[in-house]
$ cat upload_24.cif   # mmCIF, C-alpha atoms (C1' of nucleotides)
data_query
loop_
_atom_site.label_atom_id
_atom_site.label_comp_id
_atom_site.auth_asym_id
_atom_site.auth_seq_id
_atom_site.Cartn_x
_atom_site.Cartn_y
_atom_site.Cartn_z
CA MET A 11 53.52 115.36 54.99
CA ALA A 12 54.06 114.31 58.60
CA ASN A 13 52.62 110.79 58.38
CA ASN A 14 55.73 109.14 57.01
CA THR A 15 57.08 105.97 58.57
CA ILE A 16 59.90 105.69 61.08
CA VAL A 17 62.26 103.95 58.66
CA GLU A 18 61.80 106.86 56.25
CA ASN A 19 63.00 109.18 59.01
CA ILE A 20 65.90 107.00 60.16
CA ILE A 21 67.18 107.12 56.58
CA LEU A 22 66.89 110.92 56.57
CA GLY A 23 68.69 110.95 59.93
CA CYS A 24 71.55 108.90 58.50
CA LEU A 25 71.91 111.21 55.50
CA ALA A 26 71.74 114.29 57.75
CA LYS A 27 75.15 113.27 59.13
CA GLN A 28 76.77 112.65 55.72
CA PRO A 29 75.94 111.51 52.18
CA MET A 30 76.12 107.77 51.67
CA SER A 31 74.85 104.78 49.69
CA GLY A 32 71.92 102.50 50.51
CA TYR A 33 74.35 99.77 51.46
CA GLU A 34 76.13 102.07 53.92
CA ILE A 35 72.78 103.21 55.37
CA LYS A 36 71.93 99.57 56.08
CA GLN A 37 75.25 99.12 57.89
CA VAL A 38 74.87 102.28 59.93
CA ILE A 39 71.31 101.36 60.99
CA THR A 40 72.28 97.80 61.95
CA ASN A 41 75.16 99.07 64.09
CA SER A 42 73.33 101.96 65.71
CA THR A 43 69.53 101.96 66.03
CA GLY A 44 69.35 98.32 64.84
CA LEU A 45 68.67 96.97 68.31
CA PHE A 46 65.52 99.05 68.82
CA TYR A 47 64.67 99.82 65.19
CA ASN A 48 66.12 97.81 62.34
CA ALA A 49 65.48 98.04 58.59
CA SER A 50 66.07 95.62 55.72
CA TYR A 51 67.35 96.27 52.20
CA GLY A 52 63.83 95.57 51.02
CA SER A 53 62.65 98.69 52.79
CA ILE A 54 65.75 100.89 52.40
CA TYR A 55 66.14 100.84 48.60
CA PRO A 56 62.47 101.52 47.76
CA THR A 57 62.38 104.27 50.41
CA LEU A 58 65.41 105.99 48.86
CA LYS A 59 63.60 105.96 45.50
CA LYS A 60 60.50 107.47 47.13
CA HIS A 61 62.60 110.09 48.94
CA GLU A 62 64.16 111.14 45.65
CA GLU A 63 60.72 111.52 44.06
CA SER A 64 59.58 113.58 47.07
CA GLY A 65 62.61 115.81 46.68
CA TRP A 66 63.98 114.99 50.14
CA VAL A 67 67.20 113.47 48.80
CA THR A 68 69.28 113.72 45.63
CA SER A 69 71.54 111.03 44.21
CA LYS A 70 74.65 110.83 42.10
CA GLU A 71 76.30 107.75 40.64
CA VAL A 72 80.00 107.49 41.37
CA VAL A 73 82.69 104.93 40.65
CA GLU A 74 84.91 104.18 43.63
CA LYS A 75 87.74 101.67 43.32
CA GLY A 76 86.23 100.60 40.03
CA ARG A 77 82.96 99.74 41.73
CA TYR A 78 79.64 101.39 40.92
CA LYS A 79 77.94 103.21 43.80
CA LYS A 80 74.93 105.50 44.22
CA ILE A 81 75.48 108.22 46.80
CA TYR A 82 72.43 109.90 48.35
CA GLU A 83 72.44 113.39 49.83
CA ILE A 84 69.72 115.04 51.95
CA THR A 85 68.06 118.24 50.69
CA GLU A 86 66.87 121.18 52.77
CA GLU A 87 63.29 119.95 52.36
CA GLY A 88 64.36 116.50 53.57
CA HIS A 89 65.98 118.05 56.59
CA ARG A 90 62.83 120.03 57.40
CA GLU A 91 60.80 116.81 57.13
CA PHE A 92 63.19 115.04 59.50
CA MET A 93 63.04 117.87 62.05
CA GLU A 94 59.24 117.88 61.89
CA TRP A 95 59.27 114.18 62.80
CA MET A 96 61.75 114.86 65.62
CA HIS A 97 59.18 117.17 67.23
CA GLN A 98 56.31 114.69 66.98
CA SER A 99 55.31 112.43 69.85
CA SER A 100 56.52 108.88 69.45
CA LYS A 101 54.49 105.70 68.95
CA PRO A 102 54.23 103.01 71.66
CA ILE A 103 56.78 100.19 71.91
CA THR A 104 56.26 97.01 69.88
CA ILE A 105 58.04 93.82 70.94
CA LYS A 106 58.26 90.42 69.27
CA TYR A 107 59.79 88.08 71.83
CA GLU A 108 59.22 84.38 71.23
CA MET A 109 60.90 83.16 74.43
CA LEU A 110 58.27 84.91 76.56
CA VAL A 111 55.53 83.19 74.56
CA HIS A 112 57.20 79.88 75.35
CA LEU A 113 57.35 80.93 79.00
CA PHE A 114 53.65 81.78 78.88
CA TYR A 115 52.97 78.12 77.97
CA PHE A 116 55.69 76.64 80.21
CA GLN A 117 53.20 74.45 82.10
CA ASN A 118 53.28 72.16 79.06
CA LEU A 119 56.97 71.33 79.63
CA THR A 120 58.64 69.13 82.25
CA PRO A 121 60.66 70.82 85.06
CA ASN A 122 63.94 69.79 83.41
CA GLU A 123 62.90 71.09 80.01
CA ARG A 124 62.04 74.42 81.63
CA ILE A 125 65.45 74.67 83.30
CA ASP A 126 67.14 73.78 79.99
CA GLN A 127 65.31 76.41 77.95
CA VAL A 128 65.88 79.20 80.46
CA GLY A 129 69.56 78.25 80.82
CA LYS A 130 70.09 78.28 77.06
CA HIS A 131 68.26 81.59 76.73
CA ILE A 132 70.53 83.22 79.32
CA GLU A 133 73.57 82.10 77.31
CA GLU A 134 72.06 83.59 74.14
CA LEU A 135 71.36 86.89 75.93
CA LYS A 136 74.92 87.04 77.26
CA ALA A 137 76.40 86.33 73.83
CA PHE A 138 74.29 89.10 72.32
CA GLN A 139 75.28 91.54 75.06
CA ASP A 140 78.94 90.86 74.25
CA GLN A 141 78.24 91.77 70.63
CA LEU A 142 76.59 94.99 71.78
CA ARG A 143 79.69 95.94 73.74
CA THR A 144 81.80 95.54 70.59
CA ILE A 145 79.48 97.87 68.66
CA GLU A 146 79.58 100.32 71.56
CA ARG A 147 83.36 100.63 71.48
CA PHE A 148 83.09 101.33 67.74
CA ALA A 149 80.48 104.05 68.33
CA GLN A 150 82.33 105.85 71.11
CA GLU A 151 84.58 107.34 68.43
CA LEU A 152 81.59 109.16 66.95
CA GLY A 153 81.41 111.33 70.04
CA ASP A 154 77.67 112.06 70.04
CA PRO A 155 76.58 111.66 73.68
CA TYR A 156 72.95 110.76 72.86
CA GLN A 157 73.95 108.13 70.36
CA GLN A 158 76.21 106.60 72.99
CA LEU A 159 73.32 106.79 75.44
CA THR A 160 71.00 104.69 73.26
CA LEU A 161 73.72 102.07 72.92
CA GLN A 162 74.02 102.12 76.70
CA TRP A 163 70.26 101.52 76.82
CA GLY A 164 70.79 98.33 74.85
CA GLU A 165 73.38 97.09 77.29
CA ASP A 166 71.20 98.04 80.29
CA PHE A 167 68.19 96.30 78.74
CA TYR A 168 70.13 93.08 78.28
CA THR A 169 71.45 93.32 81.85
CA PHE A 170 67.83 93.62 83.02
CA LEU A 171 66.86 90.53 80.97
CA ILE A 172 69.80 88.43 82.16
CA ASP A 173 69.11 89.31 85.83
CA TRP A 174 65.44 88.50 85.38
CA TYR A 175 66.08 85.04 83.91
CA GLU A 176 68.88 84.27 86.42
CA LYS A 177 66.38 84.79 89.23
CA LEU A 178 63.85 82.59 87.43
CA LEU A 179 66.46 79.87 86.90
CA THR A 180 67.33 79.84 90.61
CA ARG A 181 63.65 79.48 91.45
CA LEU A 182 63.10 76.68 88.92
CA LYS A 183 66.09 74.76 90.29
CA SER A 184 65.05 75.11 93.93
CA GLU A 185 61.52 73.95 93.05
CA GLY A 186 63.07 70.84 91.48
CA GLU A 187 64.92 70.03 94.72
CA GLU A 188 61.79 70.33 96.84
CA ALA A 189 59.90 67.80 94.72
CA MET B 13 55.87 71.03 59.52
CA ALA B 14 57.91 72.86 62.14
CA ASN B 15 58.56 76.11 60.25
CA ASN B 16 55.26 77.70 61.04
CA THR B 17 55.09 81.20 62.43
CA ILE B 18 54.77 82.27 66.05
CA VAL B 19 51.26 83.68 65.63
CA GLU B 20 50.16 80.30 64.25
CA ASN B 21 51.37 78.71 67.48
CA ILE B 22 49.91 81.34 69.82
CA ILE B 23 46.52 80.60 68.26
CA LEU B 24 47.03 76.87 68.84
CA GLY B 25 48.06 77.70 72.41
CA CYS B 26 44.84 79.67 72.98
CA LEU B 27 42.69 76.83 71.63
CA ALA B 28 44.60 74.27 73.71
CA LYS B 29 43.02 75.86 76.80
CA GLN B 30 39.47 75.92 75.44
CA PRO B 31 37.54 76.24 72.17
CA MET B 32 36.76 79.82 71.15
CA SER B 33 36.08 82.20 68.27
CA GLY B 34 38.56 84.31 66.33
CA TYR B 35 37.28 87.40 68.07
CA GLU B 36 37.86 85.82 71.49
CA ILE B 37 41.36 84.70 70.42
CA LYS B 38 42.18 88.30 69.56
CA GLN B 39 40.99 89.41 73.02
CA VAL B 40 42.92 86.70 74.84
CA ILE B 41 46.14 87.49 72.94
CA THR B 42 45.83 91.25 73.53
CA ASN B 43 45.32 90.71 77.26
CA SER B 44 47.99 88.05 77.75
CA THR B 45 50.94 87.78 75.35
CA GLY B 46 49.97 91.06 73.64
CA LEU B 47 52.74 93.02 75.31
CA PHE B 48 55.52 90.83 73.91
CA TYR B 49 53.69 89.26 70.96
CA ASN B 50 50.53 90.75 69.55
CA ALA B 51 48.42 89.71 66.56
CA SER B 52 45.84 91.55 64.45
CA TYR B 53 42.55 90.30 63.01
CA GLY B 54 44.21 90.42 59.61
CA SER B 55 46.53 87.62 60.69
CA ILE B 56 44.20 85.70 63.03
CA TYR B 57 41.27 85.02 60.67
CA PRO B 58 43.38 83.84 57.69
CA THR B 59 45.49 81.68 60.06
CA LEU B 60 42.37 79.97 61.43
CA LYS B 61 41.34 79.15 57.86
CA LYS B 62 44.81 77.72 57.17
CA HIS B 63 44.76 75.73 60.41
CA GLU B 64 41.45 74.18 59.44
CA GLU B 65 42.85 73.17 56.04
CA SER B 66 45.89 71.67 57.78
CA GLY B 67 43.62 69.71 60.09
CA TRP B 68 44.98 71.35 63.24
CA VAL B 69 41.61 72.85 64.21
CA THR B 70 37.95 72.15 63.50
CA SER B 71 35.14 74.69 63.51
CA LYS B 72 31.43 74.73 64.16
CA GLU B 73 29.02 77.59 63.64
CA VAL B 74 26.84 78.36 66.61
CA VAL B 75 24.22 80.97 67.42
CA GLU B 76 24.60 82.55 70.83
CA LYS B 77 22.14 85.20 72.01
CA GLY B 78 20.88 85.39 68.44
CA ARG B 79 24.37 86.25 67.22
CA TYR B 80 26.34 84.15 64.73
CA LYS B 81 29.68 82.81 65.95
CA LYS B 82 32.31 80.38 64.66
CA ILE B 83 33.91 78.30 67.42
CA TYR B 84 37.28 76.70 66.74
CA GLU B 85 38.56 73.61 68.52
CA ILE B 86 42.10 72.18 68.45
CA THR B 87 42.68 68.64 67.13
CA GLU B 88 45.22 66.10 68.36
CA GLU B 89 47.40 66.89 65.35
CA GLY B 90 47.19 70.57 66.19
CA HIS B 91 48.24 69.83 69.73
CA ARG B 92 51.23 67.79 68.51
CA GLU B 93 52.24 70.69 66.26
CA PHE B 94 52.03 73.12 69.17
CA MET B 95 54.13 70.87 71.43
CA GLU B 96 56.75 70.50 68.70
CA TRP B 97 57.05 74.28 68.57
CA MET B 98 57.29 74.43 72.39
CA HIS B 99 60.44 72.28 72.20
CA GLN B 100 62.13 74.39 69.54
CA SER B 101 64.66 77.10 70.36
CA SER B 102 63.23 80.60 70.19
CA LYS B 103 64.08 83.41 67.78
CA PRO B 104 65.91 86.57 68.91
CA ILE B 105 64.01 89.59 70.25
CA THR B 106 62.75 92.24 67.83
CA ILE B 107 61.91 95.70 69.12
CA LYS B 108 60.32 98.70 67.42
CA TYR B 109 60.78 101.64 69.78
CA GLU B 110 60.46 105.07 68.20
CA MET B 111 61.35 107.08 71.33
CA LEU B 112 64.86 105.59 71.34
CA VAL B 113 65.29 106.63 67.70
CA HIS B 114 64.35 110.17 68.73
CA LEU B 115 66.85 109.91 71.57
CA PHE B 116 69.50 108.74 69.10
CA TYR B 117 69.05 112.06 67.26
CA PHE B 118 68.49 114.20 70.39
CA GLN B 119 71.39 116.53 69.52
CA ASN B 120 69.04 118.12 67.00
CA LEU B 121 66.71 119.36 69.78
CA THR B 122 67.12 122.16 72.30
CA PRO B 123 67.76 121.29 75.98
CA ASN B 124 64.19 122.22 76.89
CA GLU B 125 62.70 120.16 74.08
CA ARG B 126 64.72 117.18 75.31
CA ILE B 127 63.44 117.56 78.87
CA ASP B 128 59.88 117.89 77.56
CA GLN B 129 60.01 114.76 75.42
CA VAL B 130 61.58 112.60 78.15
CA GLY B 131 59.09 113.89 80.73
CA LYS B 132 56.13 113.13 78.48
CA HIS B 133 57.50 109.70 77.68
CA ILE B 134 57.79 108.83 81.39
CA GLU B 135 54.12 109.76 81.84
CA GLU B 136 53.16 107.52 78.91
CA LEU B 137 55.16 104.63 80.36
CA LYS B 138 53.53 105.07 83.78
CA ALA B 139 50.06 105.15 82.26
CA PHE B 140 50.77 101.98 80.33
CA GLN B 141 52.14 100.25 83.44
CA ASP B 142 48.89 101.07 85.24
CA GLN B 143 46.96 99.38 82.44
CA LEU B 144 49.23 96.33 82.78
CA ARG B 145 48.43 96.09 86.48
CA THR B 146 44.72 96.00 85.66
CA ILE B 147 45.26 93.13 83.21
CA GLU B 148 47.36 91.35 85.82
CA ARG B 149 44.61 91.38 88.44
CA PHE B 150 42.30 89.89 85.81
CA ALA B 151 44.80 87.13 84.99
CA GLN B 152 45.53 86.11 88.56
CA GLU B 153 42.21 84.29 88.56
CA LEU B 154 43.49 81.96 85.83
CA GLY B 155 45.94 80.48 88.29
CA ASP B 156 48.69 79.44 85.86
CA PRO B 157 51.96 80.49 87.55
CA TYR B 158 53.92 80.89 84.29
CA GLN B 159 51.26 83.03 82.69
CA GLN B 160 51.32 85.25 85.76
CA LEU B 161 55.11 85.31 85.50
CA THR B 162 55.09 86.71 81.95
CA LEU B 163 52.67 89.44 83.05
CA GLN B 164 55.08 90.18 85.89
CA TRP B 165 57.83 90.46 83.25
CA GLY B 166 55.81 93.21 81.60
CA GLU B 167 55.54 95.15 84.81
CA ASP B 168 59.25 94.66 85.57
CA PHE B 169 60.19 95.78 82.07
CA TYR B 170 58.20 98.98 82.43
CA THR B 171 59.73 99.59 85.86
CA PHE B 172 63.16 99.25 84.22
CA LEU B 173 62.19 101.74 81.51
CA ILE B 174 60.72 104.28 83.93
CA ASP B 175 63.82 104.13 86.16
CA TRP B 176 66.07 104.53 83.15
CA TYR B 177 64.31 107.64 81.88
CA GLU B 178 63.96 109.13 85.38
CA LYS B 179 67.74 109.02 85.71
CA LEU B 180 68.12 110.57 82.27
CA LEU B 181 65.66 113.33 83.14
CA THR B 182 67.58 114.19 86.31
CA ARG B 183 70.77 114.43 84.27
CA LEU B 184 69.18 116.58 81.57
CA LYS B 185 67.81 118.98 84.18
CA SER B 186 71.10 119.31 86.06
CA GLU B 187 72.93 119.97 82.78
CA GLY B 188 70.46 122.79 82.13
CA GLU B 189 71.29 124.40 85.49
CA GLU B 190 75.02 124.30 84.85
CA ALA B 191 74.69 126.17 81.57
"C1'" DA C 16 98.05 82.12 39.15
"C1'" DA C 17 94.08 79.92 40.28
"C1'" DT C 18 90.60 78.98 43.78
"C1'" DG C 19 87.33 80.02 47.17
"C1'" DA C 20 85.54 82.82 50.79
"C1'" DT C 21 84.11 87.19 52.23
"C1'" DA C 22 82.77 92.14 51.61
"C1'" DT C 23 80.73 95.61 48.76
"C1'" DA C 24 76.67 97.05 46.19
"C1'" DT C 25 71.89 97.16 44.20
"C1'" DA C 26 67.52 95.24 43.45
"C1'" DT C 27 63.41 92.45 43.72
"C1'" DC C 28 59.91 89.19 45.46
"C1'" DA C 29 57.02 85.92 48.08
"C1'" DA C 30 55.18 85.69 52.39
"C1'" DG C 31 53.64 87.70 56.48
"C1'" DA C 32 51.81 91.55 59.55
"C1'" DT C 33 49.54 95.89 60.53
"C1'" DG C 34 46.01 99.22 60.78
"C1'" DA C 35 42.08 100.56 58.77
"C1'" DT C 36 37.79 99.88 56.98
"C1'" DA C 37 33.35 97.54 55.80
"C1'" DT C 38 29.40 95.12 57.36
"C1'" DA C 39 26.00 93.65 60.68
"C1'" DT C 40 23.68 92.57 65.12
"C1'" DG C 41 22.68 93.01 70.25
"C1'" DG C 42 22.44 95.53 74.49
"C1'" DA C 43 22.66 99.64 77.52
"C1'" DG C 44 21.43 104.05 78.55
"C1'" DA C 45 19.54 108.70 77.47
"C1'" DT D 3 13.85 105.93 69.46
"C1'" DC D 4 18.38 107.01 68.89
"C1'" DT D 5 23.12 106.68 69.80
"C1'" DC D 6 27.05 104.47 71.33
"C1'" DC D 7 29.57 100.53 72.38
"C1'" DA D 8 30.68 95.55 72.28
"C1'" DT D 9 30.48 91.48 69.61
"C1'" DA D 10 31.76 89.17 65.35
"C1'" DT D 11 33.84 88.22 60.74
"C1'" DA D 12 36.32 89.55 56.80
"C1'" DT D 13 39.23 91.97 53.59
"C1'" DC D 14 42.63 95.23 51.73
"C1'" DA D 15 46.31 98.59 50.86
"C1'" DT D 16 50.53 99.27 52.70
"C1'" DC D 17 54.61 98.07 54.87
"C1'" DT D 18 58.32 94.81 56.38
"C1'" DT D 19 61.09 90.83 56.46
"C1'" DG D 20 64.11 87.33 54.89
"C1'" DA D 21 65.67 85.29 51.01
"C1'" DT D 22 67.50 85.28 46.64
"C1'" DA D 23 69.69 87.00 42.31
"C1'" DT D 24 73.38 89.40 40.21
"C1'" DA D 25 77.95 91.32 39.87
"C1'" DT D 26 82.46 92.99 41.23
"C1'" DA D 27 86.48 93.57 44.45
"C1'" DT D 28 89.53 91.97 47.99
"C1'" DC D 29 92.11 88.76 50.58
"C1'" DA D 30 94.10 84.39 52.12
"C1'" DT D 31 95.42 79.92 50.79
"C1'" DT D 32 97.20 76.55 47.80
#

$ encode --input "upload_24.cif" --output "structure tokens"
Amino acid sequence: MANNTIVENIILGCLAKQPMSGYEIKQVITNSTGLFYNASYGSIYPTLKKHEESGWVTSKEVVEKGRYKKIYEITEEGHREFMEWMHQSSKPITIKYEMLVHLFYFQNLTPNERIDQVGKHIEELKAFQDQLRTIERFAQELGDPYQQLTLQWGEDFYTFLIDWYEKLLTRLKSEGEEA
Amino acid sequence: MANNTIVENIILGCLAKQPMSGYEIKQVITNSTGLFYNASYGSIYPTLKKHEESGWVTSKEVVEKGRYKKIYEITEEGHREFMEWMHQSSKPITIKYEMLVHLFYFQNLTPNERIDQVGKHIEELKAFQDQLRTIERFAQELGDPYQQLTLQWGEDFYTFLIDWYEKLLTRLKSEGEEA
DNA sequence: AATGATATATATCAAGATGATATATGGAGA
DNA sequence: TCTCCATATATCATCTTGATATATATCATT
């Protein structure tokens, strides 16, 4: 009915590619849109139940390698719903970024504490960017150019962040020398 | 006790500058850290109650211009709590960005629909950046260099986004001409 | 062959956050 | 006078997260 949530549509998008289980959906999301839209089990499993009630997906229980599994498949109605969402305008960006809140109150720290926190943050950003590159190599096999593009966005975003903090670090250090 | 939430600490940070009401806290947050950490009334008012019970803030009811108002003030304990948080390492970034989820599934749209959506998104980003610049002029009067810096981050981030989508738009248009 | 660690798989729950709504007053302008 | 907007507090349904519970399979080590 057009006012469904984004996670509801990501799940439909996953199932549009191929049928899979809730567990697999979680993995796919984490390794694809996870950087700019993640979802937890606590939202995936209840959403799948709701989707089944709405008639947007169907499920069948299978046993694979002796292990129980519930495979979900998208219906035509579910696909229509997904495509309707694809044509809607998108909501504004929401960010939760604690380091910038720290930075906002940086006057409360000593010059050395500031340099320390920014230095550590740069290392964290670099470590995360390395992880992104690993995911990217994995995704290149999928062959979808737009999916590769969004992963590239992640890498570009982290490059922007690292550059930004490197410049700040240089400034903080030179201010320390002046004093 | 050190595992309090970020919003709890932003509120303490607001009150560390000067005593104010919940309504004013909401305004300050929206116009300062709002871009990278926002809070709603539904989290601010209950948090203020909790803070008072914890002894981190005190409140007094005043009447200003005939209108009832509850002014909160930070205590020494509250200030200690805030400073403890300032020395902690920060949590990773969380983003909710619907447009990139659309982009992830862009194969489902026609070339013209893609160009349309990216073009509209660039306009939205530019409009939002203009708003940021207005806030920035307002904040320059505060004089805190780190608070100005985080507002600058917002502008730089939106410049990064606009550049990124401008390049994409050029590519989408040239691909259309080839076909 | 036994042990322990990790991966697969589903499900639920407390705690927190959002967006909306309800309620009420003051001030500005038509 | 009426309407609209800003000020001001509060609550609530809904959604989301992060953690935990439960259970089985796989793999490496001893």

$ resolve_selection --input "upload_24.cif" --expression "the PyMOL selection byres ((chain D and resi 11-26) around 9)" --output "number ranges by chain"
A: 49-50, 52-53, 76-78; B: 34-35, 53-54, 57, 81-82; C: 23-28, 30-33, 35-38; D: 10, 27

$ atom_distance --input "upload_24.cif" --atom1 "CA of Gln152 in chain B" --atom2 "CA of Gln164 in chain B"
10.7 Å

$ interface_residues --input "upload_24.cif" --of "chain A" --to "chain B" --cutoff "7 Å" --atoms "all atoms listed in the file" --output "list in words"
Thr43, Leu45, Phe46, Tyr47, Met96, Ser100, Lys101, Pro102, Ile103, Thr104, Ile105, Lys106, Tyr107, Glu108, Met109, Leu110, Val111, His112, Leu113, Phe114, Tyr115, Phe116, Gln117, Tyr156, Gln157 and Thr160 of chain A

$ atom_distance --input "upload_24.cif" --atom1 "CA of Glu64 in chain B" --atom2 "CA of Ile41 in chain B"
19.5 Å

$ closest_residue --input "upload_24.cif" --among "B:Ile37, B:Ile174, B:Val130, B:Ala139" --to "chain D" --atoms "all atoms listed in the file"
B:Ile37

$ atom_distance --input "upload_24.cif" --atom1 "CA of Pro123 in chain B" --atom2 "CA of Leu184 in chain B"
7.4 Å

$ resolve_selection --input "upload_24.cif" --expression "the PyMOL selection byres ((chain C and resi 42) around 9)" --output "ChimeraX atom specification"
/C:41,43 /D:7-8

$ closest_residue --input "upload_24.cif" --among "B:Lys29, B:Lys185, B:Lys38, B:His91" --to "chain D" --atoms "all atoms listed in the file"
B:Lys38

$ decode --input "upload_24.cif" --residues "range 135-153 of chain B" --atoms "N, CA and C atoms" --output "PDB file, in the first residue's frame"
ATOM      1  N   GLU B 135      19.198  17.902  -7.065  1.00  0.00           N
ATOM      2  CA  GLU B 135      18.490  19.134  -6.682  1.00  0.00           C
ATOM      3  C   GLU B 135      18.177  19.139  -5.183  1.00  0.00           C
ATOM      4  N   GLU B 136      17.732  17.985  -4.679  1.00  0.00           N
ATOM      5  CA  GLU B 136      17.440  17.868  -3.243  1.00  0.00           C
ATOM      6  C   GLU B 136      18.686  18.125  -2.404  1.00  0.00           C
ATOM      7  N   LEU B 137      19.800  17.534  -2.840  1.00  0.00           N
ATOM      8  CA  LEU B 137      21.065  17.705  -2.103  1.00  0.00           C
ATOM      9  C   LEU B 137      21.487  19.170  -2.088  1.00  0.00           C
ATOM     10  N   LYS B 138      21.348  19.833  -3.239  1.00  0.00           N
ATOM     11  CA  LYS B 138      21.730  21.246  -3.334  1.00  0.00           C
ATOM     12  C   LYS B 138      20.860  22.124  -2.445  1.00  0.00           C
ATOM     13  N   ALA B 139      19.564  21.825  -2.423  1.00  0.00           N
ATOM     14  CA  ALA B 139      18.642  22.581  -1.576  1.00  0.00           C
ATOM     15  C   ALA B 139      19.004  22.411  -0.103  1.00  0.00           C
ATOM     16  N   PHE B 140      19.348  21.186   0.258  1.00  0.00           N
ATOM     17  CA  PHE B 140      19.705  20.921   1.645  1.00  0.00           C
ATOM     18  C   PHE B 140      21.015  21.617   2.014  1.00  0.00           C
ATOM     19  N   GLN B 141      21.960  21.633   1.086  1.00  0.00           N
ATOM     20  CA  GLN B 141      23.244  22.303   1.333  1.00  0.00           C
ATOM     21  C   GLN B 141      23.036  23.804   1.559  1.00  0.00           C
ATOM     22  N   ASP B 142      22.107  24.379   0.817  1.00  0.00           N
ATOM     23  CA  ASP B 142      21.774  25.800   1.017  1.00  0.00           C
ATOM     24  C   ASP B 142      21.276  26.057   2.427  1.00  0.00           C
ATOM     25  N   GLN B 143      20.400  25.158   2.900  1.00  0.00           N
ATOM     26  CA  GLN B 143      19.895  25.259   4.274  1.00  0.00           C
ATOM     27  C   GLN B 143      21.047  25.198   5.276  1.00  0.00           C
ATOM     28  N   LEU B 144      21.984  24.275   5.041  1.00  0.00           N
ATOM     29  CA  LEU B 144      23.147  24.128   5.918  1.00  0.00           C
ATOM     30  C   LEU B 144      23.931  25.428   6.011  1.00  0.00           C
ATOM     31  N   ARG B 145      24.084  26.097   4.877  1.00  0.00           N
ATOM     32  CA  ARG B 145      24.852  27.343   4.848  1.00  0.00           C
ATOM     33  C   ARG B 145      24.168  28.413   5.690  1.00  0.00           C
ATOM     34  N   THR B 146      22.841  28.406   5.708  1.00  0.00           N
ATOM     35  CA  THR B 146      22.103  29.353   6.545  1.00  0.00           C
ATOM     36  C   THR B 146      22.380  29.089   8.021  1.00  0.00           C
ATOM     37  N   ILE B 147      22.306  27.812   8.410  1.00  0.00           N
ATOM     38  CA  ILE B 147      22.600  27.423   9.793  1.00  0.00           C
ATOM     39  C   ILE B 147      24.020  27.847  10.161  1.00  0.00           C
ATOM     40  N   GLU B 148      24.939  27.649   9.238  1.00  0.00           N
ATOM     41  CA  GLU B 148      26.349  27.940   9.480  1.00  0.00           C
ATOM     42  C   GLU B 148      26.574  29.407   9.822  1.00  0.00           C
ATOM     43  N   ARG B 149      25.941  30.290   9.040  1.00  0.00           N
ATOM     44  CA  ARG B 149      26.081  31.725   9.313  1.00  0.00           C
ATOM     45  C   ARG B 149      25.604  32.036  10.731  1.00  0.00           C
ATOM     46  N   PHE B 150      24.511  31.400  11.130  1.00  0.00           N
ATOM     47  CA  PHE B 150      23.939  31.558  12.454  1.00  0.00           C
ATOM     48  C   PHE B 150      24.921  31.113  13.536  1.00  0.00           C
ATOM     49  N   ALA B 151      25.660  30.031  13.258  1.00  0.00           N
ATOM     50  CA  ALA B 151      26.532  29.421  14.263  1.00  0.00           C
ATOM     51  C   ALA B 151      27.886  30.114  14.366  1.00  0.00           C
ATOM     52  N   GLN B 152      28.248  30.871  13.353  1.00  0.00           N
ATOM     53  CA  GLN B 152      29.549  31.533  13.379  1.00  0.00           C
ATOM     54  C   GLN B 152      29.642  32.533  14.524  1.00  0.00           C
ATOM     55  N   GLU B 153      28.471  33.011  14.943  1.00  0.00           N
ATOM     56  CA  GLU B 153      28.437  33.969  16.053  1.00  0.00           C
ATOM     57  C   GLU B 153      28.812  33.312  17.376  1.00  0.00           C
TER      58      GLU B 153
END
